[in-house]
Amino acid sequence: MEPVFAVLVGLFFAAAIYLMLSKFSIRIMLGIAILGNAVNLLLFTAGRITREVPPIIPADLAVLPAGAANPFPQALILTAIVISFSFLAFLLVLTYRAYQDIGTDNTDEMRIAEPDKPRLPPMGY
């Protein structure tokens with residue numbers, strides 16, 4: 001099952017990079033969301049996908065059995081899901097606000113918000 005997930009992770013990373021190289025901010029946001037899912041799936045796959053042996057330490061052992069799934073990547077994934085969702089919500093609000101002010105989601109057209117002649121820094125400190 002791990003090779004299937006490895007191929008899926010590669011496809012997710014490829015799709016995320018393709019979308020993040022776009023000049024439209026909505027596509028960039030979708031690419032960031034897919035990138036977060038790819039990283040989560042990568043961590044999940046690295047922690048071994050087994051259903052036969054749960055990640056519970058028996059009373060007579062001090063460590064997990066050899067074939068058990070690793071619970072640490074699963075805990076990292078839960079944290080990463082919350083962080084990526086909050087980051088995506090922040091990006092959604094930021095993109096919507098930029099669209100309201102400028103009227104476009106094209107990043108090339110958003111350059112009109114930059115000043116024509118940037119001010120020089122103070123000469124004497």
# chains A, B, ... in the order shown; residues from 1 in each chain; ligands from 1
call {"tool": "residues_around", "arguments": {"residues": "Thr79 in chain A", "least_positions_apart": "5", "cutoff": "12 Å", "atoms": "only C-alpha atoms", "output": "list of chain:residue names"}}
result
A:Gly36, A:Asn40, A:Leu43, A:Phe72, A:Pro73, A:Gln74, A:Ser84, A:Phe85, A:Ser86
call {"tool": "write_last_selection", "arguments": {"atoms": "C-alpha atoms", "output": "mmCIF file, in the first residue's frame"}}
result
data_model
loop_
_atom_site.group_PDB
_atom_site.id
_atom_site.type_symbol
_atom_site.label_atom_id
_atom_site.label_comp_id
_atom_site.auth_asym_id
_atom_site.auth_seq_id
_atom_site.Cartn_x
_atom_site.Cartn_y
_atom_site.Cartn_z
ATOM 1 C CA GLY A 36 -0.372 20.818 2.888
ATOM 2 C CA ASN A 40 0.288 15.247 5.626
ATOM 3 C CA LEU A 43 4.022 11.949 7.082
ATOM 4 C CA PHE A 72 4.135 10.069 16.348
ATOM 5 C CA PRO A 73 3.517 10.953 12.654
ATOM 6 C CA GLN A 74 -0.207 10.593 13.276
ATOM 7 C CA SER A 84 -2.909 24.347 7.467
ATOM 8 C CA PHE A 85 -6.639 25.030 7.834
ATOM 9 C CA SER A 86 -6.024 28.232 9.784
#
call {"tool": "residues_around", "arguments": {"residues": "Ala38 in chain A", "least_positions_apart": "4", "cutoff": "7 Å", "atoms": "only C-alpha atoms", "output": "mmCIF file with all heavy atoms, in the first residue's frame"}}
result
data_model
loop_
_atom_site.group_PDB
_atom_site.id
_atom_site.type_symbol
_atom_site.label_atom_id
_atom_site.label_comp_id
_atom_site.auth_asym_id
_atom_site.auth_seq_id
_atom_site.Cartn_x
_atom_site.Cartn_y
_atom_site.Cartn_z
ATOM 1 N N VAL A 9 1.501 10.876 -3.302
ATOM 2 C CA VAL A 9 2.216 12.026 -2.730
ATOM 3 C C VAL A 9 2.953 12.776 -3.827
ATOM 4 O O VAL A 9 2.938 14.013 -3.880
ATOM 5 C CB VAL A 9 3.175 11.570 -1.612
ATOM 6 C CG1 VAL A 9 4.170 12.653 -1.254
ATOM 7 C CG2 VAL A 9 2.400 11.161 -0.386
ATOM 8 N N PHE A 12 0.465 14.760 -5.803
ATOM 9 C CA PHE A 12 0.027 15.932 -5.034
ATOM 10 C C PHE A 12 1.079 17.040 -5.067
ATOM 11 O O PHE A 12 0.759 18.217 -5.232
ATOM 12 C CB PHE A 12 -0.272 15.545 -3.584
ATOM 13 C CG PHE A 12 -1.661 15.017 -3.354
ATOM 14 C CD1 PHE A 12 -2.492 14.687 -4.401
ATOM 15 C CD2 PHE A 12 -2.143 14.858 -2.070
ATOM 16 C CE1 PHE A 12 -3.758 14.202 -4.194
ATOM 17 C CE2 PHE A 12 -3.410 14.378 -1.840
ATOM 18 C CZ PHE A 12 -4.220 14.043 -2.905
ATOM 19 N N PHE A 13 2.342 16.660 -4.881
ATOM 20 C CA PHE A 13 3.413 17.661 -4.918
ATOM 21 C C PHE A 13 3.518 18.300 -6.300
ATOM 22 O O PHE A 13 3.697 19.524 -6.416
ATOM 23 C CB PHE A 13 4.756 17.051 -4.513
ATOM 24 C CG PHE A 13 5.004 17.039 -3.034
ATOM 25 C CD1 PHE A 13 5.109 15.853 -2.349
ATOM 26 C CD2 PHE A 13 5.136 18.215 -2.328
ATOM 27 C CE1 PHE A 13 5.337 15.831 -0.994
ATOM 28 C CE2 PHE A 13 5.355 18.224 -0.961
ATOM 29 C CZ PHE A 13 5.458 17.017 -0.288
ATOM 30 N N ILE A 34 -3.207 21.981 -1.436
ATOM 31 C CA ILE A 34 -2.801 20.650 -1.902
ATOM 32 C C ILE A 34 -1.411 20.298 -1.375
ATOM 33 O O ILE A 34 -1.141 19.148 -1.029
ATOM 34 C CB ILE A 34 -2.867 20.579 -3.439
ATOM 35 C CG1 ILE A 34 -4.324 20.652 -3.896
ATOM 36 C CG2 ILE A 34 -2.219 19.315 -3.968
ATOM 37 C CD1 ILE A 34 -4.499 20.740 -5.384
ATOM 38 N N LEU A 42 2.450 12.410 3.195
ATOM 39 C CA LEU A 42 3.834 11.953 3.278
ATOM 40 C C LEU A 42 4.175 11.523 4.703
ATOM 41 O O LEU A 42 4.790 10.471 4.921
ATOM 42 C CB LEU A 42 4.781 13.051 2.805
ATOM 43 C CG LEU A 42 6.269 12.736 2.857
ATOM 44 C CD1 LEU A 42 6.610 11.680 1.823
ATOM 45 C CD2 LEU A 42 7.071 13.996 2.628
#
call {"tool": "residues_around", "arguments": {"residues": "range 23-28 of chain A", "least_positions_apart": "5", "cutoff": "6 Å", "atoms": "only C-alpha atoms", "output": "list in words"}}
result
Asp105, Asn106 and Thr107 of chain A
call {"tool": "write_last_selection", "arguments": {"atoms": "N, CA and C atoms", "output": "short mmCIF file (atom, residue, chain, number, x, y, z; two decimals), in the first residue's frame"}}
result
data_model
loop_
_atom_site.label_atom_id
_atom_site.label_comp_id
_atom_site.auth_asym_id
_atom_site.auth_seq_id
_atom_site.Cartn_x
_atom_site.Cartn_y
_atom_site.Cartn_z
N ASP A 105 -7.64 39.20 -9.30
CA ASP A 105 -6.84 38.22 -8.57
C ASP A 105 -5.57 37.86 -9.34
N ASN A 106 -5.31 38.58 -10.41
CA ASN A 106 -4.09 38.39 -11.20
C ASN A 106 -2.95 39.11 -10.49
N THR A 107 -1.89 38.38 -10.18
CA THR A 107 -0.79 38.98 -9.43
C THR A 107 0.01 39.98 -10.26
#
call {"tool": "residues_around", "arguments": {"residues": "Asn37 in chain A", "least_positions_apart": "6", "cutoff": "12 Å", "atoms": "only C-alpha atoms", "output": "ChimeraX atom specification"}}
result
/A:8-13,15-16,30-31,43-44,77-78,80-85,88
call {"tool": "write_last_selection", "arguments": {"atoms": "N, CA, C and O atoms", "output": "PDB file, in the first residue's frame"}}
result
ATOM      1  N   LEU A   8       0.917   8.765  -5.042  1.00  0.00           N
ATOM      2  CA  LEU A   8      -0.093   9.796  -4.788  1.00  0.00           C
ATOM      3  C   LEU A   8       0.534  11.057  -4.196  1.00  0.00           C
ATOM      4  O   LEU A   8       0.172  12.177  -4.570  1.00  0.00           O
ATOM      5  N   VAL A   9       1.501  10.876  -3.302  1.00  0.00           N
ATOM      6  CA  VAL A   9       2.216  12.026  -2.730  1.00  0.00           C
ATOM      7  C   VAL A   9       2.953  12.776  -3.827  1.00  0.00           C
ATOM      8  O   VAL A   9       2.938  14.013  -3.880  1.00  0.00           O
ATOM      9  N   GLY A  10       3.602  12.043  -4.732  1.00  0.00           N
ATOM     10  CA  GLY A  10       4.295  12.690  -5.844  1.00  0.00           C
ATOM     11  C   GLY A  10       3.354  13.467  -6.744  1.00  0.00           C
ATOM     12  O   GLY A  10       3.667  14.576  -7.179  1.00  0.00           O
ATOM     13  N   LEU A  11       2.183  12.901  -7.012  1.00  0.00           N
ATOM     14  CA  LEU A  11       1.185  13.617  -7.823  1.00  0.00           C
ATOM     15  C   LEU A  11       0.687  14.870  -7.107  1.00  0.00           C
ATOM     16  O   LEU A  11       0.498  15.919  -7.735  1.00  0.00           O
ATOM     17  N   PHE A  12       0.465  14.760  -5.803  1.00  0.00           N
ATOM     18  CA  PHE A  12       0.027  15.932  -5.034  1.00  0.00           C
ATOM     19  C   PHE A  12       1.079  17.040  -5.067  1.00  0.00           C
ATOM     20  O   PHE A  12       0.759  18.217  -5.232  1.00  0.00           O
ATOM     21  N   PHE A  13       2.342  16.660  -4.881  1.00  0.00           N
ATOM     22  CA  PHE A  13       3.413  17.661  -4.918  1.00  0.00           C
ATOM     23  C   PHE A  13       3.518  18.300  -6.300  1.00  0.00           C
ATOM     24  O   PHE A  13       3.697  19.524  -6.416  1.00  0.00           O
ATOM     25  N   ALA A  15       1.110  18.612  -8.584  1.00  0.00           N
ATOM     26  CA  ALA A  15      -0.051  19.484  -8.791  1.00  0.00           C
ATOM     27  C   ALA A  15       0.075  20.760  -7.965  1.00  0.00           C
ATOM     28  O   ALA A  15      -0.273  21.849  -8.430  1.00  0.00           O
ATOM     29  N   ALA A  16       0.578  20.638  -6.739  1.00  0.00           N
ATOM     30  CA  ALA A  16       0.727  21.817  -5.883  1.00  0.00           C
ATOM     31  C   ALA A  16       1.743  22.794  -6.454  1.00  0.00           C
ATOM     32  O   ALA A  16       1.502  24.013  -6.494  1.00  0.00           O
ATOM     33  N   LEU A  30      -5.074  27.298  -3.812  1.00  0.00           N
ATOM     34  CA  LEU A  30      -5.379  25.875  -3.987  1.00  0.00           C
ATOM     35  C   LEU A  30      -4.095  25.050  -3.979  1.00  0.00           C
ATOM     36  O   LEU A  30      -4.065  23.939  -3.436  1.00  0.00           O
ATOM     37  N   GLY A  31      -3.037  25.569  -4.582  1.00  0.00           N
ATOM     38  CA  GLY A  31      -1.756  24.879  -4.563  1.00  0.00           C
ATOM     39  C   GLY A  31      -1.199  24.737  -3.154  1.00  0.00           C
ATOM     40  O   GLY A  31      -0.647  23.689  -2.799  1.00  0.00           O
ATOM     41  N   LEU A  43       3.779  12.316   5.688  1.00  0.00           N
ATOM     42  CA  LEU A  43       4.022  11.949   7.082  1.00  0.00           C
ATOM     43  C   LEU A  43       3.262  10.684   7.458  1.00  0.00           C
ATOM     44  O   LEU A  43       3.769   9.825   8.169  1.00  0.00           O
ATOM     45  N   PHE A  44       2.036  10.576   6.975  1.00  0.00           N
ATOM     46  CA  PHE A  44       1.228   9.401   7.270  1.00  0.00           C
ATOM     47  C   PHE A  44       1.856   8.143   6.680  1.00  0.00           C
ATOM     48  O   PHE A  44       1.891   7.085   7.317  1.00  0.00           O
ATOM     49  N   ILE A  77       0.371  14.877  12.147  1.00  0.00           N
ATOM     50  CA  ILE A  77      -0.616  15.161  11.104  1.00  0.00           C
ATOM     51  C   ILE A  77      -1.811  15.902  11.679  1.00  0.00           C
ATOM     52  O   ILE A  77      -2.321  16.838  11.063  1.00  0.00           O
ATOM     53  N   LEU A  78      -2.271  15.501  12.865  1.00  0.00           N
ATOM     54  CA  LEU A  78      -3.398  16.206  13.480  1.00  0.00           C
ATOM     55  C   LEU A  78      -3.070  17.678  13.719  1.00  0.00           C
ATOM     56  O   LEU A  78      -3.893  18.564  13.480  1.00  0.00           O
ATOM     57  N   ALA A  80      -0.769  19.392  12.056  1.00  0.00           N
ATOM     58  CA  ALA A  80      -0.576  20.024  10.749  1.00  0.00           C
ATOM     59  C   ALA A  80      -1.912  20.342  10.079  1.00  0.00           C
ATOM     60  O   ALA A  80      -2.023  21.345   9.366  1.00  0.00           O
ATOM     61  N   ILE A  81      -2.921  19.517  10.281  1.00  0.00           N
ATOM     62  CA  ILE A  81      -4.235  19.785   9.692  1.00  0.00           C
ATOM     63  C   ILE A  81      -4.809  21.072  10.256  1.00  0.00           C
ATOM     64  O   ILE A  81      -5.337  21.913   9.513  1.00  0.00           O
ATOM     65  N   VAL A  82      -4.707  21.254  11.557  1.00  0.00           N
ATOM     66  CA  VAL A  82      -5.235  22.475  12.182  1.00  0.00           C
ATOM     67  C   VAL A  82      -4.471  23.701  11.703  1.00  0.00           C
ATOM     68  O   VAL A  82      -5.066  24.733  11.364  1.00  0.00           O
ATOM     69  N   ILE A  83      -3.161  23.604  11.643  1.00  0.00           N
ATOM     70  CA  ILE A  83      -2.352  24.746  11.221  1.00  0.00           C
ATOM     71  C   ILE A  83      -2.609  25.080   9.752  1.00  0.00           C
ATOM     72  O   ILE A  83      -2.756  26.253   9.389  1.00  0.00           O
ATOM     73  N   SER A  84      -2.684  24.068   8.891  1.00  0.00           N
ATOM     74  CA  SER A  84      -2.909  24.347   7.467  1.00  0.00           C
ATOM     75  C   SER A  84      -4.306  24.906   7.224  1.00  0.00           C
ATOM     76  O   SER A  84      -4.484  25.755   6.355  1.00  0.00           O
ATOM     77  N   PHE A  85      -5.297  24.470   7.992  1.00  0.00           N
ATOM     78  CA  PHE A  85      -6.639  25.030   7.834  1.00  0.00           C
ATOM     79  C   PHE A  85      -6.675  26.495   8.249  1.00  0.00           C
ATOM     80  O   PHE A  85      -7.256  27.330   7.553  1.00  0.00           O
ATOM     81  N   LEU A  88      -4.890  28.514   5.584  1.00  0.00           N
ATOM     82  CA  LEU A  88      -5.716  28.644   4.389  1.00  0.00           C
ATOM     83  C   LEU A  88      -6.846  29.648   4.606  1.00  0.00           C
ATOM     84  O   LEU A  88      -7.174  30.433   3.711  1.00  0.00           O
TER      85      LEU A  88
END
call {"tool": "select_by_dssp", "arguments": {"residues": "range 1-71 of chain A", "states": "helix (DSSP H, G or I)", "output": "short mmCIF file (atom, residue, chain, number, x, y, z; two decimals) with all heavy atoms, in the first residue's frame"}}
result
data_model
loop_
_atom_site.label_atom_id
_atom_site.label_comp_id
_atom_site.auth_asym_id
_atom_site.auth_seq_id
_atom_site.Cartn_x
_atom_site.Cartn_y
_atom_site.Cartn_z
N GLU A 2 2.05 1.16 0.58
CA GLU A 2 2.93 2.34 0.63
C GLU A 2 3.34 2.84 -0.75
O GLU A 2 3.42 4.06 -0.93
CB GLU A 2 4.16 2.07 1.50
CG GLU A 2 3.92 2.20 2.98
CD GLU A 2 3.51 0.89 3.62
OE1 GLU A 2 3.41 -0.13 2.88
OE2 GLU A 2 3.29 0.86 4.82
N PRO A 3 3.63 1.98 -1.73
CA PRO A 3 3.98 2.50 -3.06
C PRO A 3 2.85 3.30 -3.71
O PRO A 3 3.11 4.30 -4.38
CB PRO A 3 4.31 1.25 -3.87
CG PRO A 3 4.70 0.23 -2.88
CD PRO A 3 3.89 0.51 -1.67
N VAL A 4 1.61 2.90 -3.47
CA VAL A 4 0.48 3.65 -4.02
C VAL A 4 0.43 5.04 -3.39
O VAL A 4 0.24 6.05 -4.08
CB VAL A 4 -0.84 2.88 -3.77
CG1 VAL A 4 -2.03 3.71 -4.19
CG2 VAL A 4 -0.83 1.55 -4.48
N PHE A 5 0.63 5.10 -2.07
CA PHE A 5 0.62 6.40 -1.41
C PHE A 5 1.83 7.24 -1.81
O PHE A 5 1.74 8.46 -1.87
CB PHE A 5 0.58 6.23 0.12
CG PHE A 5 -0.80 5.97 0.64
CD1 PHE A 5 -1.15 4.73 1.12
CD2 PHE A 5 -1.76 6.96 0.62
CE1 PHE A 5 -2.42 4.48 1.60
CE2 PHE A 5 -3.03 6.73 1.09
CZ PHE A 5 -3.37 5.48 1.58
N ALA A 6 2.97 6.60 -2.09
CA ALA A 6 4.14 7.34 -2.54
C ALA A 6 3.88 8.00 -3.89
O ALA A 6 4.26 9.16 -4.12
CB ALA A 6 5.35 6.42 -2.60
N VAL A 7 3.24 7.26 -4.80
CA VAL A 7 2.89 7.83 -6.10
C VAL A 7 1.88 8.96 -5.93
O VAL A 7 1.98 10.02 -6.56
CB VAL A 7 2.36 6.73 -7.04
CG1 VAL A 7 1.76 7.33 -8.30
CG2 VAL A 7 3.46 5.76 -7.39
N LEU A 8 0.92 8.76 -5.04
CA LEU A 8 -0.09 9.80 -4.79
C LEU A 8 0.53 11.06 -4.20
O LEU A 8 0.17 12.18 -4.57
CB LEU A 8 -1.18 9.25 -3.87
CG LEU A 8 -2.42 10.10 -3.67
CD1 LEU A 8 -3.13 10.31 -5.01
CD2 LEU A 8 -3.35 9.45 -2.67
N VAL A 9 1.50 10.88 -3.30
CA VAL A 9 2.22 12.03 -2.73
C VAL A 9 2.95 12.78 -3.83
O VAL A 9 2.94 14.01 -3.88
CB VAL A 9 3.18 11.57 -1.61
CG1 VAL A 9 4.17 12.65 -1.25
CG2 VAL A 9 2.40 11.16 -0.39
N GLY A 10 3.60 12.04 -4.73
CA GLY A 10 4.29 12.69 -5.84
C GLY A 10 3.35 13.47 -6.74
O GLY A 10 3.67 14.58 -7.18
N LEU A 11 2.18 12.90 -7.01
CA LEU A 11 1.19 13.62 -7.82
C LEU A 11 0.69 14.87 -7.11
O LEU A 11 0.50 15.92 -7.73
CB LEU A 11 0.01 12.69 -8.15
CG LEU A 11 0.31 11.57 -9.14
CD1 LEU A 11 -0.90 10.64 -9.27
CD2 LEU A 11 0.67 12.15 -10.49
N PHE A 12 0.47 14.76 -5.80
CA PHE A 12 0.03 15.93 -5.03
C PHE A 12 1.08 17.04 -5.07
O PHE A 12 0.76 18.22 -5.23
CB PHE A 12 -0.27 15.55 -3.58
CG PHE A 12 -1.66 15.02 -3.35
CD1 PHE A 12 -2.49 14.69 -4.40
CD2 PHE A 12 -2.14 14.86 -2.07
CE1 PHE A 12 -3.76 14.20 -4.19
CE2 PHE A 12 -3.41 14.38 -1.84
CZ PHE A 12 -4.22 14.04 -2.91
N PHE A 13 2.34 16.66 -4.88
CA PHE A 13 3.41 17.66 -4.92
C PHE A 13 3.52 18.30 -6.30
O PHE A 13 3.70 19.52 -6.42
CB PHE A 13 4.76 17.05 -4.51
CG PHE A 13 5.00 17.04 -3.03
CD1 PHE A 13 5.11 15.85 -2.35
CD2 PHE A 13 5.14 18.22 -2.33
CE1 PHE A 13 5.34 15.83 -0.99
CE2 PHE A 13 5.35 18.22 -0.96
CZ PHE A 13 5.46 17.02 -0.29
N ALA A 14 3.40 17.50 -7.35
CA ALA A 14 3.47 18.04 -8.70
C ALA A 14 2.32 19.00 -8.98
O ALA A 14 2.52 20.09 -9.53
CB ALA A 14 3.48 16.91 -9.72
N ALA A 15 1.11 18.61 -8.58
CA ALA A 15 -0.05 19.48 -8.79
C ALA A 15 0.08 20.76 -7.96
O ALA A 15 -0.27 21.85 -8.43
CB ALA A 15 -1.34 18.75 -8.43
N ALA A 16 0.58 20.64 -6.74
CA ALA A 16 0.73 21.82 -5.88
C ALA A 16 1.74 22.79 -6.45
O ALA A 16 1.50 24.01 -6.49
CB ALA A 16 1.14 21.39 -4.48
N ILE A 17 2.86 22.30 -6.94
CA ILE A 17 3.87 23.19 -7.51
C ILE A 17 3.35 23.84 -8.78
O ILE A 17 3.56 25.03 -9.01
CB ILE A 17 5.18 22.41 -7.76
CG1 ILE A 17 5.82 22.07 -6.42
CG2 ILE A 17 6.14 23.20 -8.62
CD1 ILE A 17 7.00 21.14 -6.51
N TYR A 18 2.64 23.07 -9.60
CA TYR A 18 2.07 23.63 -10.82
C TYR A 18 1.08 24.76 -10.49
O TYR A 18 1.11 25.82 -11.13
CB TYR A 18 1.36 22.53 -11.61
CG TYR A 18 0.64 23.05 -12.83
CD1 TYR A 18 1.34 23.41 -13.97
CD2 TYR A 18 -0.74 23.18 -12.84
CE1 TYR A 18 0.69 23.90 -15.09
CE2 TYR A 18 -1.41 23.66 -13.95
CZ TYR A 18 -0.69 24.01 -15.07
OH TYR A 18 -1.35 24.50 -16.17
N LEU A 19 0.23 24.55 -9.51
CA LEU A 19 -0.75 25.59 -9.16
C LEU A 19 -0.09 26.79 -8.49
O LEU A 19 -0.51 27.93 -8.70
CB LEU A 19 -1.83 25.00 -8.25
CG LEU A 19 -2.82 24.08 -8.93
CD1 LEU A 19 -3.72 23.41 -7.90
CD2 LEU A 19 -3.67 24.85 -9.93
N MET A 20 0.95 26.55 -7.69
CA MET A 20 1.59 27.67 -7.00
C MET A 20 2.41 28.54 -7.94
O MET A 20 2.72 29.69 -7.61
CB MET A 20 2.46 27.15 -5.85
CG MET A 20 1.63 26.66 -4.69
SD MET A 20 2.48 25.86 -3.34
CE MET A 20 4.07 26.53 -3.32
N SER A 25 -4.17 34.37 -7.83
CA SER A 25 -4.04 34.10 -6.40
C SER A 25 -4.93 32.96 -5.92
O SER A 25 -4.57 32.26 -4.97
CB SER A 25 -4.31 35.37 -5.60
OG SER A 25 -5.60 35.86 -5.89
N ILE A 26 -6.07 32.73 -6.55
CA ILE A 26 -6.92 31.61 -6.15
C ILE A 26 -6.21 30.29 -6.44
O ILE A 26 -6.25 29.36 -5.62
CB ILE A 26 -8.28 31.68 -6.88
CG1 ILE A 26 -9.04 32.94 -6.49
CG2 ILE A 26 -9.12 30.45 -6.59
CD1 ILE A 26 -9.40 33.03 -5.04
N ARG A 27 -5.57 30.18 -7.58
CA ARG A 27 -4.83 28.96 -7.91
C ARG A 27 -3.65 28.77 -6.95
O ARG A 27 -3.31 27.64 -6.59
CB ARG A 27 -4.33 29.00 -9.34
CG ARG A 27 -5.42 28.84 -10.35
CD ARG A 27 -4.85 28.81 -11.73
NE ARG A 27 -5.91 28.75 -12.73
CZ ARG A 27 -5.71 28.85 -14.02
NH1 ARG A 27 -4.48 29.02 -14.47
NH2 ARG A 27 -6.71 28.78 -14.86
N ILE A 28 -3.02 29.85 -6.57
CA ILE A 28 -1.92 29.76 -5.61
C ILE A 28 -2.42 29.23 -4.28
O ILE A 28 -1.79 28.38 -3.66
CB ILE A 28 -1.24 31.14 -5.45
CG1 ILE A 28 -0.57 31.55 -6.75
CG2 ILE A 28 -0.23 31.12 -4.31
CD1 ILE A 28 -0.07 32.98 -6.77
N MET A 29 -3.58 29.70 -3.85
CA MET A 29 -4.16 29.20 -2.60
C MET A 29 -4.51 27.72 -2.70
O MET A 29 -4.28 26.96 -1.75
CB MET A 29 -5.42 29.99 -2.23
CG MET A 29 -5.14 31.30 -1.58
SD MET A 29 -6.58 32.12 -0.90
CE MET A 29 -7.95 31.19 -1.43
N LEU A 30 -5.07 27.30 -3.81
CA LEU A 30 -5.38 25.87 -3.99
C LEU A 30 -4.09 25.05 -3.98
O LEU A 30 -4.07 23.94 -3.44
CB LEU A 30 -6.14 25.65 -5.28
CG LEU A 30 -7.61 26.07 -5.27
CD1 LEU A 30 -8.20 25.93 -6.67
CD2 LEU A 30 -8.39 25.26 -4.28
N GLY A 31 -3.04 25.57 -4.58
CA GLY A 31 -1.76 24.88 -4.56
C GLY A 31 -1.20 24.74 -3.15
O GLY A 31 -0.65 23.69 -2.80
N ILE A 32 -1.36 25.76 -2.34
CA ILE A 32 -0.89 25.69 -0.96
C ILE A 32 -1.71 24.66 -0.18
O ILE A 32 -1.16 23.91 0.64
CB ILE A 32 -0.94 27.09 -0.31
CG1 ILE A 32 0.13 27.98 -0.93
CG2 ILE A 32 -0.76 27.01 1.19
CD1 ILE A 32 0.05 29.43 -0.52
N ALA A 33 -3.01 24.60 -0.42
CA ALA A 33 -3.85 23.61 0.26
C ALA A 33 -3.46 22.20 -0.15
O ALA A 33 -3.36 21.30 0.69
CB ALA A 33 -5.32 23.88 -0.07
N ILE A 34 -3.21 21.98 -1.44
CA ILE A 34 -2.80 20.65 -1.90
C ILE A 34 -1.41 20.30 -1.37
O ILE A 34 -1.14 19.15 -1.03
CB ILE A 34 -2.87 20.58 -3.44
CG1 ILE A 34 -4.32 20.65 -3.90
CG2 ILE A 34 -2.22 19.31 -3.97
CD1 ILE A 34 -4.50 20.74 -5.38
N LEU A 35 -0.53 21.30 -1.27
CA LEU A 35 0.79 21.06 -0.72
C LEU A 35 0.70 20.61 0.73
O LEU A 35 1.41 19.69 1.16
CB LEU A 35 1.66 22.31 -0.84
CG LEU A 35 3.10 22.18 -0.34
CD1 LEU A 35 3.89 21.28 -1.27
CD2 LEU A 35 3.74 23.54 -0.24
N GLY A 36 -0.18 21.24 1.50
CA GLY A 36 -0.37 20.82 2.89
C GLY A 36 -0.89 19.40 2.99
O GLY A 36 -0.44 18.61 3.83
N ASN A 37 -1.81 19.03 2.10
CA ASN A 37 -2.31 17.66 2.09
C ASN A 37 -1.24 16.67 1.67
O ASN A 37 -1.18 15.54 2.17
CB ASN A 37 -3.53 17.54 1.17
CG ASN A 37 -4.74 18.23 1.74
OD1 ASN A 37 -4.87 18.34 2.96
ND2 ASN A 37 -5.61 18.71 0.88
N ALA A 38 -0.38 17.07 0.74
CA ALA A 38 0.71 16.19 0.31
C ALA A 38 1.69 15.94 1.46
O ALA A 38 2.14 14.81 1.65
CB ALA A 38 1.44 16.80 -0.88
N VAL A 39 2.00 16.97 2.21
CA VAL A 39 2.91 16.79 3.34
C VAL A 39 2.27 15.90 4.40
O VAL A 39 2.93 15.03 4.99
CB VAL A 39 3.31 18.17 3.92
CG1 VAL A 39 4.05 18.02 5.23
CG2 VAL A 39 4.15 18.94 2.93
N ASN A 40 0.98 16.09 4.66
CA ASN A 40 0.29 15.25 5.63
C ASN A 40 0.29 13.79 5.19
O ASN A 40 0.53 12.88 5.99
CB ASN A 40 -1.15 15.73 5.83
CG ASN A 40 -1.22 17.04 6.56
OD1 ASN A 40 -0.27 17.45 7.21
ND2 ASN A 40 -2.34 17.71 6.45
N LEU A 41 0.03 13.54 3.92
CA LEU A 41 0.04 12.18 3.41
C LEU A 41 1.44 11.58 3.44
O LEU A 41 1.62 10.39 3.69
CB LEU A 41 -0.54 12.14 1.99
CG LEU A 41 -0.83 10.78 1.40
CD1 LEU A 41 -1.83 10.02 2.25
CD2 LEU A 41 -1.37 10.94 0.00
N LEU A 42 2.45 12.41 3.20
CA LEU A 42 3.83 11.95 3.28
C LEU A 42 4.17 11.52 4.70
O LEU A 42 4.79 10.47 4.92
CB LEU A 42 4.78 13.05 2.80
CG LEU A 42 6.27 12.74 2.86
CD1 LEU A 42 6.61 11.68 1.82
CD2 LEU A 42 7.07 14.00 2.63
N LEU A 43 3.78 12.32 5.69
CA LEU A 43 4.02 11.95 7.08
C LEU A 43 3.26 10.68 7.46
O LEU A 43 3.77 9.83 8.17
CB LEU A 43 3.62 13.10 8.01
CG LEU A 43 4.51 14.32 8.04
CD1 LEU A 43 3.89 15.40 8.89
CD2 LEU A 43 5.88 13.95 8.58
N PHE A 44 2.04 10.58 6.98
CA PHE A 44 1.23 9.40 7.27
C PHE A 44 1.86 8.14 6.68
O PHE A 44 1.89 7.09 7.32
CB PHE A 44 -0.19 9.61 6.73
CG PHE A 44 -1.13 8.50 7.05
CD1 PHE A 44 -1.56 8.31 8.35
CD2 PHE A 44 -1.60 7.66 6.07
CE1 PHE A 44 -2.43 7.29 8.67
CE2 PHE A 44 -2.47 6.64 6.37
CZ PHE A 44 -2.89 6.45 7.68
N THR A 45 2.37 8.25 5.47
CA THR A 45 3.00 7.11 4.82
C THR A 45 4.32 6.75 5.50
O THR A 45 4.67 5.58 5.61
CB THR A 45 3.24 7.42 3.33
OG1 THR A 45 2.00 7.81 2.74
CG2 THR A 45 3.77 6.21 2.60
N ALA A 46 5.05 7.74 5.96
CA ALA A 46 6.32 7.49 6.64
C ALA A 46 6.11 6.78 7.97
O ALA A 46 7.01 6.08 8.44
CB ALA A 46 7.07 8.80 6.86
N PRO A 71 2.79 6.05 16.16
CA PRO A 71 1.78 7.06 16.48
C PRO A 71 2.28 8.50 16.38
O PRO A 71 1.48 9.43 16.32
CB PRO A 71 1.38 6.72 17.91
CG PRO A 71 2.59 6.09 18.49
CD PRO A 71 3.23 5.34 17.35
#
call {"tool": "closest_residue", "arguments": {"among": "A:Gly47, A:Ala89, A:Tyr99, A:Pro58", "to": "Asn70 in chain A", "atoms": "only C-alpha atoms"}}
result
A:Gly47
call {"tool": "atom_distance", "arguments": {"atom1": "CA of Ile102 in chain A", "atom2": "CA of Glu114 in chain A"}}
result
11.5 Å
call {"tool": "atom_distance", "arguments": {"atom1": "CA of Leu94 in chain A", "atom2": "CA of Arg111 in chain A"}}
result
15.8 Å
